[in-house]
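Colleague: Dropping the structure in here first, questions after.
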Protein chains: 2
Amino acid sequence: MRRRTSNKDLSAVIIAVPHYEHPALAIKAFEKDLHVLIDKPAGVYTKQVREMNEIASKSDRVFGIMYQFRTKPLYQKLRGLIKSNELGEIKRTNWIITDWYRSQSYYDSGSWRASWKGEGGGTLLNQNPHNLDIWQWTCGMPTRIRAFCYFGKYHDIEVEDDVTAFVEYKNGSTGVYVTATADAPGTNRLEISGDRGKIVVEDEKLTFWRLRQSERLFNKEYKDGGFGAPECWKCEVPIKSKDTEERVEIINNWLDAIFDGTELLSPGEEGINGLMISNAMLLSTWINDWVEIPIDENLFYEKLKDKISDSRFNNKL
Amino acid sequence: MRRRTSNKDLSAVIIAVPHYEHPALAIKAFEKDLHVLIDKPAGVYTKQVREMNEIASKSDRVFGIMYQFRTKPLYQKLRGLIKSNELGEIKRTNWIITDWYRSQSYYDSGSWRASWKGEGGGTLLNQNPHNLDIWQWTCGMPTRIRAFCYFGKYHDIEVEDDVTAFVEYKNGSTGVYVTATADAPGTNRLEISGDRGKIVVEDEKLTFWRLRQSERLFNKEYKDGGFGAPECWKCEVPIKSKDTEERVEIINNWLDAIFDGTELLSPGEEGINGLMISNAMLLSTWINDWVEIPIDENLFYEKLKDKISDSRFNNKL
């Protein structure tokens with residue numbers, strides 16, 4: 001890194017190294033006046049990522065993150081339906097994302113893997129950053145989280161491999177997120193319920209059960225007692241196909257931003273959002289209580305350092 | 001009731017009255033040496049239901065409860081697949097049962113409805129007893145519960161109309177239960193993940209993603225690293241149709257037990273199980289903490305009495 005950044009012709013760098021080093025290397029790159037694209041996750045704990053974001057915001061360089069799920073037409077369509085208010089105000093989100101199956105053999109393939117010291121976390125940090133980002137990118141950030149993480153439940157590892165989280169959002173709506181690396185076959189089903197119906201994203205398809213009127217309005221105006229409900233249409237929403245490779249698309253989008261000043265699909269500063277949710281899920285488990293968003297970044301970092309100092313990866317060095 | 005039970009020819013009674021009165025009337029009936037079939041829920045709080053069960057167990061009369069969902073071939077098949085170990089040891093249960101939509105007009109149709117004093121609870125007690133019973137009948141009782149109930153969130157009522165609960169079972173598996181009366185259209189999707197695959201019950205269909213070998217064994221024996229997973233078959237399991245009316249079937253089953261001594265499909269004593277889960281969900285919300293199963297029945301009853309004394313149904317009398 002040092003040698004490459006001394007090259008005066010170098011103006012941009014892609015950082016794809018172990019999770020812990022993303023923020024420190026990105027900060028060095030901004031100091032060298034480089035454009036930066038970091039791999040996910042943005043880092044391991046939000047304290048280091050916030051510091052990186054502050055330095056990035058003082059720089060005029062282009063800062064992107066490799067959240068290639070944002071290039072998927074499926075999730076772009078979902079986000080569009082929500083942002084354009086087709087779904088109405090959200091009442092409930094529910095993502096069962098348990099199709100991240102990993103065997104013990106996978107974990108054994110690298111001694112740094114799934115250790116507090118080597119990797120800094122488990123499935124929330126390794127497999128789930130894309131999903132956590134898409135969840136907040138489409139449905140917004142929660143305001144508080146109560147989560148239940150299990151560590152080494154189904155594998156001989158020290159980090160989480162089974163997580164269920166309950167969240168609340170600013171408007172009073174709620175959400176559930178379930179993930180694990182031991183369910184075979186797993187499920188990938190995202191359901192979002194709103195004032196104008198329900199969207200389910202599953203099997204690469206998006207189905208919109210669309211109400212002809214607002215449920216809140218129906219609730220207020222309907223007078224016939226009994227089990228009346230608003231009229232609903234099941235709509236199969238077309239998703240365009242594409243043949244570009246997702247990671248290449250993110251890189252091209254980042255290069256376009258550098259050369260042409262176009263908008264970034266995946267700004268680096270937004271990497272803190274999914275990580276904040278993931279940190280909150282761990283912290284809620286460790287303190288066995290609710291965690292507010294934004295989290296107490298120092299408390300999380302203190303707890304993480306305790307885990308690192310007890311990490312069995314120490315014995316492997 | 002008093003007049004009818006003085007009739008010497010009467011030997012059995014079906015109790016279908018407001019929830020609070022089920023246990024007291026059932027106890028009176030057992031004292032008159034009658035066979036009893038109570039409507040669901042067994043009662044409003046487990047303290048009264050446990051007392052009913054104790055008196056029932058001392059009687060030699062036949063005691064049933066109107067859990068007619070137990071007659072559904074869909075749930076009988078699900079239970080059979082679990083009990084026969086086709087699914088293997090359970091890892092995870094997840095029931096999104098939000099298709100209990102009710103408008104304000106429904107709640108306004110009876111002043112006793114959805115009040116602590118008149119009905120004793122909200123959707124957990126009115127719409128969900130069948131689902132809670134099927135959940136425990138197929139997957140077993142949880143050992144502890146952390147739940148998040150919202151009271152009058154989407155309706156002008158004083159009881160819960162939106163609930164998310166997280167549970168743990170004895171073998172370490174976990175579960176999620178989500179219900180509400182304000183989602184249009186709602187969802188009714190029960191997913192159970194086990195060591196031998198996954199079952200999803202939705203749209204009156206049962207799909208079994210069956211693994212050719214135990215996941216736990218695969219996890220242990222597989223050595224090729226990467227993302228290997230056990231071979232899985234998607235199996236559409238046939239569900240027999242039937243034309244009998246479910247409630248009639250429960251009554252006939254109860255009568256057969258009285259006349260022929262055949263086994264009850266839905267023994268009255270089991271009514272306490274679903275109610276225990278529902279009480280635990282409320283109690284967990286009220287104390288903002290975990291609740292162990294069996295619950296502290298006196299603590300729940302004390303908290304319920306507070307709600308009853310503040311109930312606005314008092315003003316309507």
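FYI, nothing fancy with the structure tokens labels: chains A, B, ... in order, residues from 1 per chain, ligands from 1 as they appear.
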I'd like the contact shell of Val248 in chain A - 12 Å cut-off, only C-alpha atoms, skipping same-chain residues fewer than 2 positions apart - returned as an MDAnalysis selection string.
Modeller: chainID A and resid 66:69 71 243:246 250:255
Colleague: Quick one: pick out all helix (DSSP H, G or I) residues within range 81-283 of chain B from a backbone DSSP run and write them as a ChimeraX atom specification.
Modeller: /B:81-83,104-108,123-126,129-139,215-221,246-260,268-283
Colleague: Enter the distance from CA of Ser115 in chain B to CA of Gly43 in chain B, in Å, rounded to one decimal.
Modeller: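 Going from CA of Ser115 in chain B over to CA of Gly43 in chain B, I get 14.9 Å.
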Colleague: Specify as a PyMOL selection string all residues of chain B found within 7 Å of chain A, counting only C-alpha atoms.
Modeller: chain B and resi 101-106+109+183-185+193+197-198+215+219-220+222-227+229
Colleague: Which one is closest to Pro238 in chain A: A:Ile199, A:Leu264, A:Met141, A:Leu74? Count only C-alpha atoms.
Modeller: A:Leu74
Colleague: Find the spatial neighbours of Ile295 in chain A, counting only C-alpha atoms, within a cut-off of 9 Å - ignore same-chain residues fewer than 3 positions away - and output them as number ranges by chain.
Modeller: A: 46, 144, 276-277, 279-280, 283, 291-292, 298-300
